[in-house]
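See structure below.
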Amino acid sequence: MTRKIIKRDANPALERASRLLDLVPFLATHQGIAIEDLAKEFSISTSEIANDLTTLWMCGLPGYTALELMDLSFESGFVTISNAETLARPRALDRNEVLSLILGLETMLESTSSLKNSLSEQIGLLIEKLSRSLDIVRLIQAGTASSSTIRGEIEVSIRSRIPIEIEYHSATRDEISNRVIHPLEFISPSDSNPHEYLYAFCELSRGYRTFRVDRILKTITAQNVQPYSDREDTISEPAANRANRIVVEIASRERDVVERFNLSPTSLRDNSTKEAVVESFTPDWAIREIMSFGGEVALKSPQDLRESLRQRSLRALGGYI
Amino acid sequence: MASRKSERLINLTIALLATRRYLTKSEIFRSIEGYDGEPSSMERMFERDKDDLRNLGIVIDVRGVDPGFEDEPGYRIHPESYSLNLGGLTGTEIALLSLAAEAWRGAALGESAHSALIKLRSLGIASDFDALPNLSPRVQVSSNAFVPLARAIGDCSTVNFKYRSAELNDEKRGLNPYGMGSRKGNWYLIGEDLDRKALRTFRLDRIVGEVEIVSKPGAFATAPDFQVLTFLDSNLFEPRDVAQLRIRRGRGHALRVEARTLSSDDQFDLCEVSYSDEDGFIDSILWHGDDIVVLTPIGLREKVVSRLHSLVETHG
């Protein structure tokens, strides 16, 4: 017995009814709101909002005379509502709405606990309040995420256009560096890459760079920032050159290879030789990743990288003599 | 048409909310705008409307109006069940809840978070952001599986999905989903695997294609003391062993997060690092090349050495 997933918005009349019910309490506490602002709040067009308001204007208590109908006025471009007491309280939150708020609060807990004790306590109490009637709070939980406080400081920097200094762990080179950046935007995780990145102009490398948000260890207010020229020599940024085409042969652990090198699973599944081409701007990183497979993945070419992987393995073995 | 139907649903909601007694069907048909036509078609209309309101999460209370006439049920919506009631909320709390909703911008529950925010703002309580530090939370969920799984977990419904195996095959799995949670940047799904008849853990990003809900709600019962993060911590992330490592100074930052430094010389720090998954730990040690030397446990040390030999051989 297969039941198709019923999406709530698959039914336009119902979706609209849901919005109409939410419009009334919103208007009751936002009397005189401009019709354009109202459309923006509900993420629909102004003509759709005008339609909604016209419909609401026909609704009310049985009898449906001027005494019972809701009274809306919006000809002036500003909306007011009256005689709408029955619907004036916002509707209870549905399960997904509660879940979204709880998980959002949970991601804040970690970073606020180190910050201000009363705040994380307050968040804990809110979660309790929201979850009172719902079992789901113990079944779906968000653990540690990238720090809400670090993201908050970066948001401020994006809005104010004041550069910010970050302490960044470059996993590619296993180095921690401090750099002044001008953050431009966050890049959301996607199917092909589950991590969130920050796109910024980096003073240290004098270029646009992407930073993995969860590897930004600290933010430092911009006042103490040294001019970029003073710290030019603290770290050598590899010149952005062409991507290396590295051919690897895979003996096992195909899924790990696909995930770490961000390959398409089909490319590997459909070839019998178990060879794959990895593109990398940083050969050092590619060598480290291949080494982590401990011989299950072999670097076939280019020859010079293959040799440097061998040398590096021999050096590592040297530590055990 | 859609407009007439929405209008009727609103009028029905208003009438059932405003009434202090239960309304019978004939009263509803007589008094509420929008019900017309043959009795049988009004009947069908009303049945659909009730279902629709329930799909919106509105609880309609049904009760026999007159004990003498059991076939004449009455209907009403209780204002307490209809409306949002979180007790008194402060401006700071409204600000925190707004941030929590913002955390979903563009992510799986984005639409629900948006409608939740509209409802909260309809309470007319001014939010007090000044009381908060600069916070910008972000829930990291990119998988399409999240929304249907959340629904199945809440309803206790069985699901089917395809899962990418370690050898890259897409295997069909049937599961009674107990819960899901995130740790170290990944979302995990836990449930009873129906083919293997055992508890299994899955990573959401390894689910391929759509999650299908294949049973009615209530197909199984989740243990009343099941806590998803507690389960994950004790099954996947509980430290199993402690290793002593020599880590080159200024290197090995990823491992140092969980490390305790015992002593240092001019080149290396002697550190104690606990680990849960030995294979993953070996991967990470090998990644660091000659910046890390394993001292103990001896079994771990031997595995690392043997893999380094294998690396030299395969690249000879």
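Simple scheme: letters A, B, ... for chains in structure tokens order, numbers from 1 for residues in each chain, numbers from 1 for ligands in the order shown.
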Residues of range 8-149 of chain B in strand (DSSP E or B), written as number ranges by chain: B: 23-24, 61-66, 69-76, 83
Could you save the residues just selected, with C-alpha atoms, as a compact mmCIF listing (two decimals), in the first residue's frame?
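Produced file selection-v4.txt, reproduced below:
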```
# COMPACT_ATOMS: atom_id res chain seq x y z
CA LEU B 23 -23.71 23.55 15.56
CA THR B 24 -25.52 20.78 13.74
CA ASP B 61 -14.64 19.01 18.07
CA VAL B 62 -17.56 16.72 17.24
CA ARG B 63 -20.21 15.78 19.78
CA GLY B 64 -23.74 14.41 19.88
CA VAL B 65 -25.93 17.47 20.44
CA ASP B 66 -28.93 15.79 21.91
CA PHE B 69 -30.74 11.74 18.88
CA GLU B 70 -27.36 10.17 18.42
CA ASP B 71 -27.35 10.58 14.66
CA GLU B 72 -27.28 14.39 14.85
CA PRO B 73 -23.69 15.36 15.74
CA GLY B 74 -22.68 18.94 16.46
CA TYR B 75 -19.47 20.74 15.54
CA ARG B 76 -17.36 23.54 16.97
CA SER B 83 -4.97 29.93 18.79
```
Check: which chain B residues lie within 6 Å of chain A using only C-alpha atoms, as a PyMOL selection string: chain B and resi 2+6+11+15+31-32+82-84+100-101+103+112-113+116+119+122+124+134-137+142+154+166-168+179-183+214+227-228+283+286-287+289-290+307-308+310-312+315
Produce a file of the selected residues containing C-alpha atoms, as a PDB file, in the first residue's frame.
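The resulting file, out01.pdb, is reproduced below:
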```pdb
ATOM      1  CA  ALA B   2     -10.634  28.511  -5.606  1.00  0.00           C
ATOM      2  CA  SER B   6     -11.360  29.596   0.396  1.00  0.00           C
ATOM      3  CA  ASN B  11     -16.669  31.485   6.976  1.00  0.00           C
ATOM      4  CA  ALA B  15     -18.792  30.322  12.584  1.00  0.00           C
ATOM      5  CA  SER B  31     -26.612  29.689   8.047  1.00  0.00           C
ATOM      6  CA  ILE B  32     -23.115  29.568   6.543  1.00  0.00           C
ATOM      7  CA  TYR B  82      -7.231  27.153  17.644  1.00  0.00           C
ATOM      8  CA  SER B  83      -4.971  29.933  18.788  1.00  0.00           C
ATOM      9  CA  LEU B  84      -1.303  30.293  19.591  1.00  0.00           C
ATOM     10  CA  ALA B 100      15.628  30.864  15.148  1.00  0.00           C
ATOM     11  CA  ALA B 101      13.253  31.238  12.185  1.00  0.00           C
ATOM     12  CA  ALA B 103      18.259  30.263  10.647  1.00  0.00           C
ATOM     13  CA  SER B 112       7.384  26.647   7.914  1.00  0.00           C
ATOM     14  CA  ALA B 113       9.836  28.958   9.670  1.00  0.00           C
ATOM     15  CA  ALA B 116       5.799  30.603  12.212  1.00  0.00           C
ATOM     16  CA  LYS B 119       2.208  34.136  13.548  1.00  0.00           C
ATOM     17  CA  SER B 122       0.948  38.827  14.830  1.00  0.00           C
ATOM     18  CA  GLY B 124       1.968  42.405  18.456  1.00  0.00           C
ATOM     19  CA  ASN B 134      25.150  39.707  17.442  1.00  0.00           C
ATOM     20  CA  LEU B 135      23.812  36.267  16.664  1.00  0.00           C
ATOM     21  CA  SER B 136      23.209  34.667  13.318  1.00  0.00           C
ATOM     22  CA  PRO B 137      22.329  31.000  13.675  1.00  0.00           C
ATOM     23  CA  SER B 142      20.650  20.649   2.489  1.00  0.00           C
ATOM     24  CA  GLY B 154       6.426  12.572  13.914  1.00  0.00           C
ATOM     25  CA  ALA B 166      30.211   1.987   0.713  1.00  0.00           C
ATOM     26  CA  GLU B 167      30.674   0.350  -2.707  1.00  0.00           C
ATOM     27  CA  LEU B 168      28.483   3.017  -4.356  1.00  0.00           C
ATOM     28  CA  GLY B 179      14.598  10.015  14.934  1.00  0.00           C
ATOM     29  CA  MET B 180      17.271  12.182  13.340  1.00  0.00           C
ATOM     30  CA  GLY B 181      19.911  14.485  14.693  1.00  0.00           C
ATOM     31  CA  SER B 182      23.043  16.371  13.712  1.00  0.00           C
ATOM     32  CA  ARG B 183      26.552  15.948  15.036  1.00  0.00           C
ATOM     33  CA  VAL B 214       4.600   3.841   2.744  1.00  0.00           C
ATOM     34  CA  GLN B 227      16.605  10.602  22.794  1.00  0.00           C
ATOM     35  CA  VAL B 228      18.220  11.048  19.427  1.00  0.00           C
ATOM     36  CA  ASP B 283      42.604   8.140   8.072  1.00  0.00           C
ATOM     37  CA  LEU B 286      47.754   9.276   7.769  1.00  0.00           C
ATOM     38  CA  TRP B 287      46.460  12.567   6.345  1.00  0.00           C
ATOM     39  CA  GLY B 289      51.972  12.438   7.170  1.00  0.00           C
ATOM     40  CA  ASP B 290      55.150  12.862   9.224  1.00  0.00           C
ATOM     41  CA  ARG B 307      49.287   1.254   5.922  1.00  0.00           C
ATOM     42  CA  LEU B 308      52.333   3.459   5.443  1.00  0.00           C
ATOM     43  CA  SER B 310      51.290  -0.258   1.775  1.00  0.00           C
ATOM     44  CA  LEU B 311      51.387   3.369   0.573  1.00  0.00           C
ATOM     45  CA  VAL B 312      55.099   3.051  -0.241  1.00  0.00           C
ATOM     46  CA  HIS B 315      53.560   4.007  -5.219  1.00  0.00           C
TER      47      HIS B 315
END
```
In range 88-280 of chain A, DSSP alpha helix (DSSP H) residues written as a PyMOL selection string: chain A and resi 95-113+117-131+148-160+254-261+265-269
Output the selection as a tab-separated table (two decimals), in the first residue's frame - C-alpha atoms for each residue.
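Output saved as part-v1.tsv:
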```tsv
chain	number	residue	atom	x	y	z
A	95	ARG	CA	4.33	20.66	13.92
A	96	ASN	CA	6.83	21.78	11.27
A	97	GLU	CA	6.63	25.36	12.50
A	98	VAL	CA	7.42	24.30	16.06
A	99	LEU	CA	10.19	22.04	14.82
A	100	SER	CA	11.79	24.82	12.78
A	101	LEU	CA	11.85	27.15	15.80
A	102	ILE	CA	13.21	24.52	18.18
A	103	LEU	CA	16.01	23.44	15.85
A	104	GLY	CA	16.86	27.08	15.19
A	105	LEU	CA	17.10	27.72	18.92
A	106	GLU	CA	19.17	24.57	19.46
A	107	THR	CA	21.81	25.75	17.01
A	108	MET	CA	22.18	28.91	19.09
A	109	LEU	CA	22.62	27.09	22.39
A	110	GLU	CA	26.23	26.03	21.89
A	111	SER	CA	27.65	29.41	20.99
A	112	THR	CA	25.67	31.31	23.59
A	113	SER	CA	26.64	29.00	26.44
A	117	ASN	CA	24.82	32.28	30.83
A	118	SER	CA	21.40	33.84	31.25
A	119	LEU	CA	20.89	33.80	27.48
A	120	SER	CA	21.38	30.08	27.02
A	121	GLU	CA	19.09	29.54	30.00
A	122	GLN	CA	16.47	31.69	28.31
A	123	ILE	CA	16.84	29.69	25.09
A	124	GLY	CA	16.45	26.45	27.03
A	125	LEU	CA	13.23	27.71	28.61
A	126	LEU	CA	11.86	28.77	25.23
A	127	ILE	CA	12.56	25.31	23.80
A	128	GLU	CA	10.69	23.83	26.74
A	129	LYS	CA	7.73	26.16	26.21
A	130	LEU	CA	7.52	25.28	22.51
A	131	SER	CA	7.87	21.56	22.96
A	148	SER	CA	26.03	31.65	15.76
A	149	THR	CA	28.17	34.33	17.38
A	150	ILE	CA	30.86	34.16	14.70
A	151	ARG	CA	28.23	34.28	11.98
A	152	GLY	CA	26.62	37.20	13.79
A	153	GLU	CA	29.86	39.22	13.78
A	154	ILE	CA	30.34	38.46	10.09
A	155	GLU	CA	26.75	39.53	9.29
A	156	VAL	CA	27.45	42.85	10.99
A	157	SER	CA	30.63	43.21	8.93
A	158	ILE	CA	28.75	42.46	5.68
A	159	ARG	CA	26.10	45.05	6.48
A	160	SER	CA	28.43	47.75	7.78
A	254	GLU	CA	34.47	4.05	-3.35
A	255	ARG	CA	31.90	6.10	-1.44
A	256	ASP	CA	34.58	7.78	0.70
A	257	VAL	CA	36.54	8.67	-2.45
A	258	VAL	CA	33.46	10.20	-4.09
A	259	GLU	CA	32.63	12.22	-0.98
A	260	ARG	CA	36.10	13.51	-0.21
A	261	PHE	CA	37.01	14.46	-3.77
A	265	PRO	CA	29.10	8.79	-8.20
A	266	THR	CA	28.02	7.76	-11.68
A	267	SER	CA	31.43	8.52	-13.19
A	268	LEU	CA	32.96	5.91	-10.90
A	269	ARG	CA	30.19	3.35	-11.00
```
Atomic separation - CA of Tyr163 in chain B relative to CA of Leu229 in chain B, Å: 21.9 Å
Skipping near chain neighbours, those fewer than 3 positions away, what residues fall within 10 Å of Ala131 in chain B using only C-alpha atoms, listed as a PDB file with C-alpha atoms, in the first residue's frame?
```pdb
ATOM      1  CA  LEU A 119      20.894  33.800  27.484  1.00  0.00           C
TER       2      LEU A 119
ATOM      3  CA  GLY B  91      10.518  41.164  23.562  1.00  0.00           C
ATOM      4  CA  THR B  92      13.822  39.296  23.982  1.00  0.00           C
ATOM      5  CA  GLU B  93      12.069  35.974  23.493  1.00  0.00           C
ATOM      6  CA  ALA B  95      13.795  38.369  19.084  1.00  0.00           C
ATOM      7  CA  LEU B  96      15.324  34.940  19.803  1.00  0.00           C
ATOM      8  CA  SER B 127      10.985  42.376  19.508  1.00  0.00           C
ATOM      9  CA  ASP B 128      13.940  43.515  21.537  1.00  0.00           C
ATOM     10  CA  ASN B 134      25.150  39.707  17.442  1.00  0.00           C
TER      11      ASN B 134
END
```
Ser82 in chain A environment, 8 Å, only C-alpha atoms, sequence neighbours closer than 5 positions dropped, as a list in words: Ala28, Met70, Asp71 and Leu72 of chain A
Could you save those same residues with C-alpha atoms as a short mmCIF file (atom, residue, chain, number, x, y, z; two decimals), in the first residue's frame?
```
data_model
loop_
_atom_site.label_atom_id
_atom_site.label_comp_id
_atom_site.auth_asym_id
_atom_site.auth_seq_id
_atom_site.Cartn_x
_atom_site.Cartn_y
_atom_site.Cartn_z
CA ALA A 28 -4.97 43.38 13.57
CA MET A 70 -15.16 41.94 8.69
CA ASP A 71 -14.44 45.50 7.75
CA LEU A 72 -11.34 46.08 5.64
#
```
Long-range neighbours of Arg301 in chain B as a ChimeraX atom specification, 10 Å cut-off, only C-alpha atoms, 5 positions minimum in chain: /A:320 /B:243-245,282,293-296,306
Could those selected residues go to a file with C-alpha atoms, as a PDB file, in the first residue's frame?
```
ATOM      1  CA  TYR A 320      58.447   4.728  13.657  1.00  0.00           C
TER       2      TYR A 320
ATOM      3  CA  ALA B 243      45.873   7.333  21.951  1.00  0.00           C
ATOM      4  CA  GLN B 244      49.200   8.927  22.784  1.00  0.00           C
ATOM      5  CA  LEU B 245      50.473  10.850  19.796  1.00  0.00           C
ATOM      6  CA  ILE B 282      43.680   6.213  11.201  1.00  0.00           C
ATOM      7  CA  VAL B 293      53.608   9.626  15.219  1.00  0.00           C
ATOM      8  CA  VAL B 294      51.422   7.135  17.101  1.00  0.00           C
ATOM      9  CA  LEU B 295      52.951   5.813  20.342  1.00  0.00           C
ATOM     10  CA  THR B 296      50.054   3.878  21.865  1.00  0.00           C
ATOM     11  CA  SER B 306      51.310  -1.254   7.934  1.00  0.00           C
TER      12      SER B 306
END
```
